[in-house]
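Colleague: Take this structure first; my questions come after.
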4 protein chains.
Amino acid sequence: MIIVMKPNAKAESIQQVKSIIEEKGLYAHISDGHQVTIIGVVGDKAMLMDQNLEIYEDVDKIVPVTESYKLANKKFHPEPTRVQVGNVTIGGDTTVIMSGPCAVESRQQLLATAHAIKKAGAQILRGGAYKPRTSPYAFQGLEEEGLSYMKEAREETGLPVICEVTSLGAIESAVKYVDMLQIGARNMQNFYLLKEAGKTGVPVLLKRGLSATIDEWLNAAEYIIAEGNPNVVLCERGIRTFETATRNTLDISAVSVIKSKSHLPIIVDPSHATGVRAYVKSLSMAAVAAGADGLMIETHPDPSNALSDGPQSLTFEQFEDLTNELVPLVKLMGKRL
Amino acid sequence: MIIVMKPNAKAESIQQVKSIIEEKGLYAHISDGHQVTIIGVVGDKAMLMDQNLEIYEDVDKIVPVTESYKLANKKFHPEPTRVQVGNVTIGGDTTVIMSGPCAVESRQQLLATAHAIKKAGAQILRGGAYKPRTSPYAFQGLEEEGLSYMKEAREETGLPVICEVTSLGAIESAVKYVDMLQIGARNMQNFYLLKEAGKTGVPVLLKRGLSATIDEWLNAAEYIIAEGNPNVVLCERGIRTFETATRNTLDISAVSVIKSKSHLPIIVDPSHATGVRAYVKSLSMAAVAAGADGLMIETHPDPSNALSDGPQSLTFEQFEDLTNELVPLVKLMGKRL
Amino acid sequence: MIIVMKPNAKAESIQQVKSIIEEKGLYAHISDGHQVTIIGVVGDKAMLMDQNLEIYEDVDKIVPVTESYKLANKKFHPEPTRVQVGNVTIGGDTTVIMSGPCAVESRQQLLATAHAIKKAGAQILRGGAYKPRTSPYAFQGLEEEGLSYMKEAREETGLPVICEVTSLGAIESAVKYVDMLQIGARNMQNFYLLKEAGKTGVPVLLKRGLSATIDEWLNAAEYIIAEGNPNVVLCERGIRTFETATRNTLDISAVSVIKSKSHLPIIVDPSHATGVRAYVKSLSMAAVAAGADGLMIETHPDPSNALSDGPQSLTFEQFEDLTNELVPLVKLMGKRL
Amino acid sequence: MIIVMKPNAKAESIQQVKSIIEEKGLYAHISDGHQVTIIGVVGDKAMLMDQNLEIYEDVDKIVPVTESYKLANKKFHPEPTRVQVGNVTIGGDTTVIMSGPCAVESRQQLLATAHAIKKAGAQILRGGAYKPRTSPYAFQGLEEEGLSYMKEAREETGLPVICEVTSLGAIESAVKYVDMLQIGARNMQNFYLLKEAGKTGVPVLLKRGLSATIDEWLNAAEYIIAEGNPNVVLCERGIRTFETATRNTLDISAVSVIKSKSHLPIIVDPSHATGVRAYVKSLSMAAVAAGADGLMIETHPDPSNALSDGPQSLTFEQFEDLTNELVPLVKLMGKRL
């Protein structure tokens, strides 16, 4: 942590800051510049966390030099994490494709989808039973009934299943039926939910918030891991920007940034990032080429009758075309589907 | 709702969309342009909500012409709503000032603050007992102990009290101690929490999410009202943009936009919007001049030792200076403090 | 300037950075932290500007501690600048209102507007003769013919006049007719144009770019001042964000930030910031209450027939209502209209 | 164009809008909905462009249904455009790599770079002789001297050359030396410069503005083409968002969106998009996999001594590694390097 003093800071002000630092058992390294004095703090800055040094006289600003997340930080855990979801490993030499409908609508719809995506090469079935929707009047999900179909689909196909959770009640139900919990973008900083998901020990897919920085996202992962659950997979799904040609803006650089700052696996969701079916294939290709550990892609037997997010869902045929195109690219990247 | 077809859409495609609309008992008004055909839907568009018309052949885009929120909509409820919080009315001819510490840290800190802000002219005491923090290692609040201090402060000063809630458990505790619940920016689309807050019937202060559009914000309010709780006050607290000179960017236009689209009262939180104490006064003046129904301003007996958000808190003296400056402006706006 | 080394940086890497600094005649202050080593540079950092220290081995990041603009910086010029435009002073104890049509369309339109805004209390006449338009097929301005009407309007009313310039040719014409040049948002980083405007010595109104940080904006002002022209007035006109309820998002905090970082006057343009006539009054009030030195407001004799930006223009009657409401607020702020 | 009236619009208001439309020789198709009346305009909406219909009584909003750019629009020009730059074709079955230093610093630096990038497989040499820099005190380019080195490098290596232009003077010089002009992000809406570049007939690389929508970008291209110069190549180089982990946010979806809306070729600049050397390779791979027609990548003989943008430049060795990795991917995409 570095403390930058204002130009012409009084000697007493500098001395005051120095004293506060030393009272905490830390060392203050003072550097007098031509224009400003800078105080470097040597020691564990966590001890200063509850001190608001900015408010002392003549203090201009505080510059943090280390990240606040530790357990999610590559610096302290250089080996990549592999997360086991049923018989599937995320973060290793396989590019994992999760697919399925945005919302579970019926037993028939889900089973048909499960068989179709398995045939096309997907390894995990996704399906929403608790749907966060902007309007209270939109379809909100089948809840526990939907979860039971997810379980049945796993039994029929052998595919592990993942479902979004939006409350403690949903977590308590979901752990009885599914192999992986999803925390959605709108709940990325619902810290209560993160802790509860952490306590389950069940693998968690943590989607990036609409306007979350990568730093905030890794801090959100830290909440889960700090509860003793290291099985966290990140999912980039587009951020909110001024551009309206796509629903969100896929931050493809996030794949590289996460790989350099964290040991957690990262997958990409091109369906939510773009909101437009016609762009899903090229974004899937881009994500794999950028080094993502997997993809989450929406499919639906009949997108024109989907109760949620139809315009971005692929038909089974389109999905199979996509996986067929991905095979040689995945191989080129030194992985397998 | 308007459906814009692609240039040169086939007659069958147009007929197909027309049929879907008519099957729902609605009327399709077809308008053939030089370049494109447009289909206007006459009737209640809610009946089409689960149809994803975008996915039909030759459909270019869907343009909604009415908002999805009804109960929060000024069109259907032209009279401004007044929300009663203890003996204070928000949304009438008073400019309501809520003040207090970001986090309740101790009984002594809260009581000292309550007396100081009352003396300076504030009408409601705020204080956080459940703190959503980016890092799991930062101070998370005193929880129920903090709530009990809030209640005691109300008994001592007569000021109604407000506290943020972050989970169902927090709501269940808070309703026993406080007069108004706050839903914070990070939970604005935690729809589960919105519904639970709605069920209590207790007045709710709904902060705008960091990257929430005004439309999404009013839909979030709709979740609360739809549970039978019309006592919703909105709070603009800055949105996330590229600018880094302030912590967030106060969207001052939101005051006017809300006043034109909704009947709900709106207050402004300049402390969180800017994150810099020196800018709080000018933003408070701006908010009142723009027509806000109130302000939420952080104060602390000793900001330099605050456990949360010290740099943006005012001292008691600074707060009293501010309210003194506000008095003539409030009067000029035809209101009273 | 502070150089933060990576954790476990090698001693040779630290020594290398130290040598580079010392070769430039500066002093390197090394501070060994628990986790990272920090090197403070003592001396004039401009000498290091062309060195890309980030690229040396084991360097993690560079943290600038001083701004790159000097002439626009309040630290080195604490007294507020007053800019004289004809007989009007911007930056003093007057709130200066500039008004007029977005585009000059005819002699009659401009003269009628000039008389009307003068009667209502405006001090400067604005009018566009060179219009930057998104589409090449939209009206682009009357150019020199428009300028001649501006001059005539000044002669008739005594109001100083301001016009946007978009090229060297436009500057060369404009200086013959008008009292103040405007650099528009789209040209804020057209550094060639900034320099040419600087060379004229004529007062310049510098609008903020759509996505310009305040730091970039002040650097743009620095380009003009560095050419020997200190007569720069800044104009906040809204920034681009995700919100679509208004055309742009007025960054009202920019008024306070500029006042704390620079000595230059700042005015606010609520017409372009919002794009909606109904919101212009409340934003004008907010800007004056926030401490702005003036306003720029669009007016038009018949907004329904305006060739550019009609929906945000006020009629003469609406403008007069606005100035009438502003008078007591301006007085309350200790200024006069 | 669709005109949405306000709820309960008066019959006279609807009639007034209808009359205005019909006066222009167009047809107004009126559709009475339950809540609102909608008026579809049949005919060439350009005739209404200068009418600000929004300002008429009871008009709620105007919804455009067709794009304002025509010459850049795929609807009216379905075949992809191929732009010939010297002996290189952009937009065909070759993935074109442009490379070189951000700024031309010396003859030796440029010639060394030209030979190195040619050996590694690049087809076009880039180099900046006119540098737009945020601060007036940063290195601004060698201007005509730099252009002469570019020409010499072309003669030595046979590589076509491209240089950014920032003023009419720069264009007039550049056309004597280089094969392609670049309009940079900061000048994307410098409409004067776009027109002048259009008049030259020389191929133009048009970078996307920092906060330009794709629609505005295509309108900027329209300015160039409307001057009779169809040789426009677009370059996505990252947009400005709230995220600070990378300098800008590469909008990878822009590749697909442009391919669906326009016939113009599009390349990607991962160096400026990220600002971090370590992320350039993965973004290059992503861009090619997304379908980009080429890449622009910064290289420098000694990035640690670069006068501009060193941290994002690749060494020759790193660049050669990159092109070696790209070869099989380009082949997989059905193209050649």
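Just remember, in the structure tokens the first chain shown is A, the second B, etc., residues are 1-based per chain, and ligands are 1-based in the order shown.
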Name the residues of range 138-269 of chain B that come out as alpha helix (DSSP H) in a backbone DSSP run; write them as a PyMOL selection string.
Modeller: chain B and resi 144-157+168-174+191-200+214-226+253-261
Colleague: Keeping only C-alpha atoms, write the selected residues to a file as a compact mmCIF listing (two decimals), in the first residue's frame.
Modeller:
# COMPACT_ATOMS: atom_id res chain seq x y z
CA GLU B 144 -28.89 -7.97 15.06
CA GLU B 145 -26.77 -6.17 17.66
CA GLY B 146 -26.60 -3.21 15.27
CA LEU B 147 -30.36 -3.32 14.76
CA SER B 148 -30.94 -3.08 18.50
CA TYR B 149 -28.84 0.10 18.63
CA MET B 150 -30.93 1.50 15.77
CA LYS B 151 -34.09 0.88 17.77
CA GLU B 152 -32.58 2.45 20.85
CA ALA B 153 -31.54 5.51 18.82
CA ARG B 154 -35.12 5.88 17.60
CA GLU B 155 -36.45 5.69 21.12
CA GLU B 156 -33.99 8.30 22.32
CA THR B 157 -34.43 10.78 19.46
CA LEU B 168 -34.50 -13.20 4.26
CA GLY B 169 -32.98 -13.63 7.72
CA ALA B 170 -31.96 -9.98 7.76
CA ILE B 171 -35.48 -8.93 6.74
CA GLU B 172 -37.03 -11.04 9.49
CA SER B 173 -34.78 -9.42 12.08
CA ALA B 174 -34.98 -5.91 10.69
CA PHE B 191 -35.80 -10.74 -7.14
CA TYR B 192 -36.23 -13.17 -4.27
CA LEU B 193 -35.25 -10.44 -1.81
CA LEU B 194 -37.53 -7.91 -3.52
CA LYS B 195 -40.51 -10.22 -3.14
CA GLU B 196 -39.75 -10.90 0.51
CA ALA B 197 -39.42 -7.18 1.19
CA GLY B 198 -42.71 -6.69 -0.60
CA LYS B 199 -44.45 -9.23 1.63
CA THR B 200 -43.52 -7.32 4.81
CA ILE B 214 -34.23 3.23 -15.22
CA ASP B 215 -36.58 0.77 -16.86
CA GLU B 216 -35.05 -2.17 -14.95
CA TRP B 217 -35.16 -0.15 -11.75
CA LEU B 218 -38.88 0.51 -12.11
CA ASN B 219 -39.42 -3.17 -12.88
CA ALA B 220 -37.60 -4.00 -9.64
CA ALA B 221 -39.97 -1.64 -7.81
CA GLU B 222 -42.82 -3.48 -9.54
CA TYR B 223 -41.71 -6.73 -7.84
CA ILE B 224 -42.18 -5.10 -4.43
CA ILE B 225 -45.49 -3.42 -5.24
CA ALA B 226 -46.86 -6.57 -6.88
CA SER B 253 -31.24 13.25 -14.93
CA ALA B 254 -32.75 10.18 -13.26
CA VAL B 255 -34.69 12.52 -10.96
CA SER B 256 -36.52 14.08 -13.92
CA VAL B 257 -36.94 10.81 -15.75
CA ILE B 258 -38.46 9.07 -12.72
CA LYS B 259 -40.75 12.04 -12.11
CA SER B 260 -42.03 11.74 -15.68
CA LYS B 261 -42.43 7.95 -15.76
Colleague: For chain A versus chain B, which residues have an atom no more than 8 Å away, and what is each residue's nearest atom pair and distance in Å rounded to one decimal, using only C-alpha atoms, chain-then-number order, as JSON lines?
Modeller:
{"residue": "A:Met49", "atom": "CA", "partner": "B:Ala138", "partner_atom": "CA", "distance": 7.5}
{"residue": "A:Asp50", "atom": "CA", "partner": "B:Leu307", "partner_atom": "CA", "distance": 5.0}
{"residue": "A:Gln51", "atom": "CA", "partner": "B:Asn305", "partner_atom": "CA", "distance": 5.8}
{"residue": "A:Asn52", "atom": "CA", "partner": "B:Ser304", "partner_atom": "CA", "distance": 5.4}
{"residue": "A:Leu53", "atom": "CA", "partner": "B:Ser304", "partner_atom": "CA", "distance": 6.8}
{"residue": "A:Glu54", "atom": "CA", "partner": "B:Pro311", "partner_atom": "CA", "distance": 6.0}
{"residue": "A:Ile55", "atom": "CA", "partner": "B:Pro311", "partner_atom": "CA", "distance": 5.5}
{"residue": "A:Tyr56", "atom": "CA", "partner": "B:Ser304", "partner_atom": "CA", "distance": 6.6}
{"residue": "A:Ser68", "atom": "CA", "partner": "B:Ser135", "partner_atom": "CA", "distance": 6.6}
{"residue": "A:Tyr69", "atom": "CA", "partner": "B:Ser135", "partner_atom": "CA", "distance": 7.1}
{"residue": "A:Pro132", "atom": "CA", "partner": "B:Phe191", "partner_atom": "CA", "distance": 6.5}
{"residue": "A:Arg133", "atom": "CA", "partner": "B:Phe191", "partner_atom": "CA", "distance": 7.9}
{"residue": "A:Thr134", "atom": "CA", "partner": "B:Asn219", "partner_atom": "CA", "distance": 6.3}
{"residue": "A:Ser135", "atom": "CA", "partner": "B:Asn219", "partner_atom": "CA", "distance": 5.5}
{"residue": "A:Pro136", "atom": "CA", "partner": "B:Tyr223", "partner_atom": "CA", "distance": 5.5}
{"residue": "A:Ala138", "atom": "CA", "partner": "B:Met49", "partner_atom": "CA", "distance": 7.3}
{"residue": "A:Phe139", "atom": "CA", "partner": "B:Asp50", "partner_atom": "CA", "distance": 7.7}
{"residue": "A:Thr166", "atom": "CA", "partner": "B:Tyr192", "partner_atom": "CA", "distance": 7.0}
{"residue": "A:Ser167", "atom": "CA", "partner": "B:Tyr192", "partner_atom": "CA", "distance": 6.6}
{"residue": "A:Arg186", "atom": "CA", "partner": "B:Gln189", "partner_atom": "CA", "distance": 5.9}
{"residue": "A:Asn187", "atom": "CA", "partner": "B:Asn190", "partner_atom": "CA", "distance": 6.3}
{"residue": "A:Gln189", "atom": "CA", "partner": "B:Arg186", "partner_atom": "CA", "distance": 5.9}
{"residue": "A:Asn190", "atom": "CA", "partner": "B:Asn187", "partner_atom": "CA", "distance": 6.3}
{"residue": "A:Phe191", "atom": "CA", "partner": "B:Pro132", "partner_atom": "CA", "distance": 6.5}
{"residue": "A:Tyr192", "atom": "CA", "partner": "B:Ser167", "partner_atom": "CA", "distance": 6.6}
{"residue": "A:Leu210", "atom": "CA", "partner": "B:Ser211", "partner_atom": "CA", "distance": 7.1}
{"residue": "A:Ser211", "atom": "CA", "partner": "B:Ser211", "partner_atom": "CA", "distance": 5.9}
{"residue": "A:Glu216", "atom": "CA", "partner": "B:Thr134", "partner_atom": "CA", "distance": 6.3}
{"residue": "A:Asn219", "atom": "CA", "partner": "B:Ser135", "partner_atom": "CA", "distance": 5.5}
{"residue": "A:Ala220", "atom": "CA", "partner": "B:Thr134", "partner_atom": "CA", "distance": 7.1}
{"residue": "A:Glu222", "atom": "CA", "partner": "B:Pro136", "partner_atom": "CA", "distance": 7.0}
{"residue": "A:Tyr223", "atom": "CA", "partner": "B:Pro136", "partner_atom": "CA", "distance": 5.5}
{"residue": "A:Ala226", "atom": "CA", "partner": "B:Pro136", "partner_atom": "CA", "distance": 7.7}
{"residue": "A:Arg240", "atom": "CA", "partner": "B:Ser211", "partner_atom": "CA", "distance": 7.3}
{"residue": "A:Pro303", "atom": "CA", "partner": "B:Ile55", "partner_atom": "CA", "distance": 7.1}
{"residue": "A:Ser304", "atom": "CA", "partner": "B:Ile55", "partner_atom": "CA", "distance": 5.5}
{"residue": "A:Asn305", "atom": "CA", "partner": "B:Gln51", "partner_atom": "CA", "distance": 5.9}
{"residue": "A:Ala306", "atom": "CA", "partner": "B:Asn52", "partner_atom": "CA", "distance": 6.8}
{"residue": "A:Leu307", "atom": "CA", "partner": "B:Asp50", "partner_atom": "CA", "distance": 4.9}
{"residue": "A:Ser308", "atom": "CA", "partner": "B:Asp50", "partner_atom": "CA", "distance": 7.0}
{"residue": "A:Asp309", "atom": "CA", "partner": "B:Asn52", "partner_atom": "CA", "distance": 7.6}
{"residue": "A:Gly310", "atom": "CA", "partner": "B:Asn52", "partner_atom": "CA", "distance": 5.6}
{"residue": "A:Pro311", "atom": "CA", "partner": "B:Ile55", "partner_atom": "CA", "distance": 5.4}
Colleague: Restricting it to N, CA and C atoms, dump the selection as a short mmCIF file (atom, residue, chain, number, x, y, z; two decimals), in the first residue's frame.
Modeller:
data_model
loop_
_atom_site.label_atom_id
_atom_site.label_comp_id
_atom_site.auth_asym_id
_atom_site.auth_seq_id
_atom_site.Cartn_x
_atom_site.Cartn_y
_atom_site.Cartn_z
N MET A 49 -6.66 -2.11 7.04
CA MET A 49 -7.87 -2.11 6.22
C MET A 49 -8.99 -1.25 6.80
N ASP A 50 -9.13 -1.26 8.10
CA ASP A 50 -10.23 -0.52 8.70
C ASP A 50 -9.87 0.92 9.01
N GLN A 51 -8.64 1.31 8.69
CA GLN A 51 -8.24 2.71 8.84
C GLN A 51 -8.52 3.41 7.52
N ASN A 52 -9.23 4.49 7.57
CA ASN A 52 -9.46 5.22 6.33
C ASN A 52 -8.42 6.33 6.19
N LEU A 53 -7.25 5.93 5.75
CA LEU A 53 -6.14 6.88 5.73
C LEU A 53 -6.40 8.09 4.84
N GLU A 54 -7.30 7.90 3.84
CA GLU A 54 -7.57 9.02 2.92
C GLU A 54 -8.06 10.26 3.66
N ILE A 55 -8.61 10.06 4.85
CA ILE A 55 -9.25 11.21 5.47
C ILE A 55 -8.30 12.04 6.31
N TYR A 56 -7.09 11.56 6.49
CA TYR A 56 -6.15 12.37 7.28
C TYR A 56 -5.71 13.59 6.50
N SER A 68 -7.02 -7.95 -3.22
CA SER A 68 -7.62 -8.30 -1.93
C SER A 68 -8.04 -9.77 -1.87
N TYR A 69 -8.06 -10.46 -3.02
CA TYR A 69 -8.40 -11.88 -2.98
C TYR A 69 -7.11 -12.70 -2.87
N PRO A 132 -34.35 -15.65 -12.85
CA PRO A 132 -34.44 -14.22 -12.50
C PRO A 132 -34.89 -13.46 -13.74
N ARG A 133 -36.03 -12.80 -13.69
CA ARG A 133 -36.56 -12.09 -14.85
C ARG A 133 -36.78 -10.62 -14.50
N THR A 134 -36.46 -9.73 -15.41
CA THR A 134 -36.59 -8.30 -15.18
C THR A 134 -38.00 -7.92 -14.73
N SER A 135 -39.00 -8.49 -15.38
CA SER A 135 -40.39 -8.17 -15.04
C SER A 135 -41.01 -9.25 -14.17
N PRO A 136 -41.77 -8.85 -13.14
CA PRO A 136 -42.42 -9.87 -12.30
C PRO A 136 -43.49 -10.66 -13.04
N ALA A 138 -43.10 -12.03 -16.08
CA ALA A 138 -42.54 -13.02 -17.00
C ALA A 138 -42.42 -14.37 -16.29
N PHE A 139 -42.32 -15.44 -17.07
CA PHE A 139 -42.22 -16.81 -16.55
C PHE A 139 -41.02 -16.96 -15.60
N THR A 166 -31.15 -19.04 -6.80
CA THR A 166 -31.37 -17.62 -6.57
C THR A 166 -31.72 -17.30 -5.12
N SER A 167 -31.76 -18.32 -4.26
CA SER A 167 -32.10 -18.11 -2.85
C SER A 167 -31.61 -19.32 -2.06
N ARG A 186 -26.89 -11.50 -12.05
CA ARG A 186 -27.55 -10.53 -11.18
C ARG A 186 -27.26 -10.79 -9.70
N ASN A 187 -26.82 -12.00 -9.38
CA ASN A 187 -26.53 -12.33 -7.98
C ASN A 187 -25.03 -12.42 -7.70
N GLN A 189 -22.95 -10.35 -6.75
CA GLN A 189 -22.56 -9.72 -5.49
C GLN A 189 -23.65 -9.87 -4.42
N ASN A 190 -24.43 -10.96 -4.53
CA ASN A 190 -25.35 -11.35 -3.47
C ASN A 190 -24.50 -12.21 -2.53
N PHE A 191 -23.80 -11.51 -1.62
CA PHE A 191 -22.76 -12.18 -0.84
C PHE A 191 -23.34 -13.27 0.06
N TYR A 192 -24.57 -13.06 0.50
CA TYR A 192 -25.23 -14.07 1.31
C TYR A 192 -25.36 -15.38 0.52
N LEU A 210 -23.13 -8.05 -14.62
CA LEU A 210 -23.25 -7.20 -15.81
C LEU A 210 -22.25 -6.05 -15.83
N SER A 211 -21.93 -5.52 -14.66
CA SER A 211 -20.98 -4.42 -14.65
C SER A 211 -19.89 -4.68 -13.62
N GLU A 216 -13.61 -7.55 -8.95
CA GLU A 216 -14.80 -7.84 -8.12
C GLU A 216 -15.27 -9.28 -8.29
N ASN A 219 -13.12 -11.49 -6.32
CA ASN A 219 -13.48 -11.35 -4.91
C ASN A 219 -14.77 -12.11 -4.60
N ALA A 220 -15.69 -12.15 -5.56
CA ALA A 220 -16.91 -12.92 -5.36
C ALA A 220 -16.58 -14.41 -5.26
N GLU A 222 -13.85 -15.53 -4.18
CA GLU A 222 -13.18 -15.66 -2.87
C GLU A 222 -14.21 -15.94 -1.76
N TYR A 223 -15.39 -15.33 -1.86
CA TYR A 223 -16.44 -15.59 -0.87
C TYR A 223 -16.80 -17.08 -0.82
N ALA A 226 -13.70 -19.15 0.43
CA ALA A 226 -13.43 -18.90 1.85
C ALA A 226 -14.34 -19.72 2.76
N ARG A 240 -22.10 -4.99 -19.60
CA ARG A 240 -22.99 -3.95 -20.09
C ARG A 240 -22.16 -2.76 -20.57
N PRO A 303 -37.11 -23.27 -30.58
CA PRO A 303 -36.84 -21.94 -30.01
C PRO A 303 -37.99 -20.97 -30.20
N SER A 304 -38.84 -21.20 -31.21
CA SER A 304 -39.90 -20.22 -31.46
C SER A 304 -40.98 -20.31 -30.40
N ASN A 305 -40.99 -21.40 -29.63
CA ASN A 305 -41.97 -21.48 -28.55
C ASN A 305 -41.33 -21.46 -27.16
N ALA A 306 -40.04 -21.08 -27.10
CA ALA A 306 -39.36 -21.06 -25.80
C ALA A 306 -39.99 -20.01 -24.90
N LEU A 307 -40.10 -20.32 -23.60
CA LEU A 307 -40.70 -19.38 -22.65
C LEU A 307 -39.70 -18.31 -22.20
N SER A 308 -38.46 -18.44 -22.59
CA SER A 308 -37.44 -17.52 -22.11
C SER A 308 -36.29 -17.53 -23.10
N ASP A 309 -35.86 -16.36 -23.54
CA ASP A 309 -34.64 -16.24 -24.36
C ASP A 309 -34.62 -17.06 -25.63
N GLY A 310 -35.78 -17.23 -26.28
CA GLY A 310 -35.81 -17.95 -27.54
C GLY A 310 -34.84 -17.44 -28.61
N PRO A 311 -34.75 -16.13 -28.81
CA PRO A 311 -33.98 -15.63 -29.94
C PRO A 311 -32.52 -16.00 -29.93
#
Colleague: What does the distance from CA of Asp293 in chain D to CA of Lys119 in chain D come to in Å, to one decimal?
Modeller: 20.5 Å
Colleague: If you run DSSP over the backbone, which residues in range 70-257 of chain A end up strand (DSSP E)? Put them as a PyMOL selection string.
Modeller: chain A and resi 83-85+88-90+96-100+124-126+161-164+180-183+204-207+232-236
Colleague: Do a neighbour search on Val327 in chain D at 7 Å with only C-alpha atoms, toss out local chain neighbours closer than 4 positions, and write the hits as a PyMOL selection string.
Modeller: chain D and resi 323+331+337
Colleague: Next, write the just-selected residues to a file, as a PDB file, in the first residue's frame, keeping C-alpha atoms as the atom set.
Modeller:
ATOM      1  CA  THR D 323       2.399 -15.885 -36.856  1.00  0.00           C
ATOM      2  CA  LYS D 331      -5.862 -22.765 -42.625  1.00  0.00           C
ATOM      3  CA  LEU D 337      -1.837 -16.096 -44.442  1.00  0.00           C
TER       4      LEU D 337
END
Colleague: Please provide the set of residues having any atom within 12 Å of Ile267 in chain A, restricted to only C-alpha atoms, with same-chain residues fewer than 6 positions apart removed, written as a ChimeraX atom specification.
Modeller: /A:90-91,94-98,205-208,232-238,251-252,254-256,258-259,284,286-288,290-297
Colleague: Would you work out the distance separating CA of Glu243 in chain A from CA of Pro270 in chain D, expressed in Å to one decimal?
Modeller: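 Between CA of Glu243 in chain A and CA of Pro270 in chain D the gap works out to 19.0 Å.
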Colleague: So that I can see what lies close to Ala112 in chain C, please list as a PDB file with C-alpha atoms, in the first residue's frame the residues with an atom at most 12 Å from it, counting only C-alpha atoms and leaving out residues fewer than 2 positions away in the same chain.
Modeller:
ATOM      1  CA  GLY C 100     -29.588  29.972 -29.613  1.00  0.00           C
ATOM      2  CA  PRO C 101     -30.330  27.369 -32.232  1.00  0.00           C
ATOM      3  CA  VAL C 104     -28.264  28.517 -38.056  1.00  0.00           C
ATOM      4  CA  GLU C 105     -30.945  27.947 -40.671  1.00  0.00           C
ATOM      5  CA  SER C 106     -31.759  31.439 -41.934  1.00  0.00           C
ATOM      6  CA  ARG C 107     -31.126  35.115 -41.240  1.00  0.00           C
ATOM      7  CA  GLN C 108     -34.655  35.540 -39.987  1.00  0.00           C
ATOM      8  CA  GLN C 109     -34.490  32.558 -37.626  1.00  0.00           C
ATOM      9  CA  LEU C 110     -31.229  33.741 -36.102  1.00  0.00           C
ATOM     10  CA  ALA C 114     -31.095  36.700 -30.814  1.00  0.00           C
ATOM     11  CA  HIS C 115     -33.715  39.270 -29.825  1.00  0.00           C
ATOM     12  CA  ALA C 116     -35.783  36.746 -27.903  1.00  0.00           C
ATOM     13  CA  ILE C 117     -32.950  35.312 -25.845  1.00  0.00           C
ATOM     14  CA  LYS C 118     -31.568  38.782 -25.091  1.00  0.00           C
ATOM     15  CA  LYS C 119     -34.971  39.829 -23.808  1.00  0.00           C
ATOM     16  CA  LEU C 125     -25.753  33.958 -28.699  1.00  0.00           C
ATOM     17  CA  TYR C 149     -25.816  36.091 -39.848  1.00  0.00           C
ATOM     18  CA  MET C 150     -24.121  35.559 -36.483  1.00  0.00           C
ATOM     19  CA  GLU C 152     -25.264  40.645 -37.966  1.00  0.00           C
ATOM     20  CA  ALA C 153     -27.108  39.356 -34.909  1.00  0.00           C
ATOM     21  CA  GLU C 156     -28.191  44.237 -33.848  1.00  0.00           C
ATOM     22  CA  THR C 157     -28.314  43.000 -30.256  1.00  0.00           C
ATOM     23  CA  THR C 299     -33.717  27.618 -28.342  1.00  0.00           C
ATOM     24  CA  HIS C 300     -35.572  27.830 -31.634  1.00  0.00           C
ATOM     25  CA  PRO C 301     -38.470  29.982 -32.877  1.00  0.00           C
ATOM     26  CA  ASP C 302     -40.283  26.853 -34.040  1.00  0.00           C
ATOM     27  CA  THR C 315     -39.414  27.734 -27.513  1.00  0.00           C
ATOM     28  CA  PHE C 316     -38.806  31.381 -26.624  1.00  0.00           C
TER      29      PHE C 316
END
Colleague: Near Arg82 in chain C, counting only C-alpha atoms, which residues have an atom at most 10 Å away, once you skip same-chain residues fewer than 2 positions from it, shown as an MDAnalysis selection string?
Modeller: chainID C and resid 79:80 84:85 88:93 230:233 263:265
Colleague: Could you give me, as a ChimeraX atom specification, the residues within 9 Å of Lys75 in chain C, counting only C-alpha atoms and dropping anything in the same chain fewer than 2 positions from it?
Modeller: /A:7 /C:70,72-73,77-78,261-263
Colleague: Which residue is closest to Asn8 in chain A? Choose from A:Val204, A:Ile38, A:Ala28, A:Val330 and count only C-alpha atoms.
Modeller: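 With only C-alpha atoms as the atom set, the closest residue is A:Ile38.
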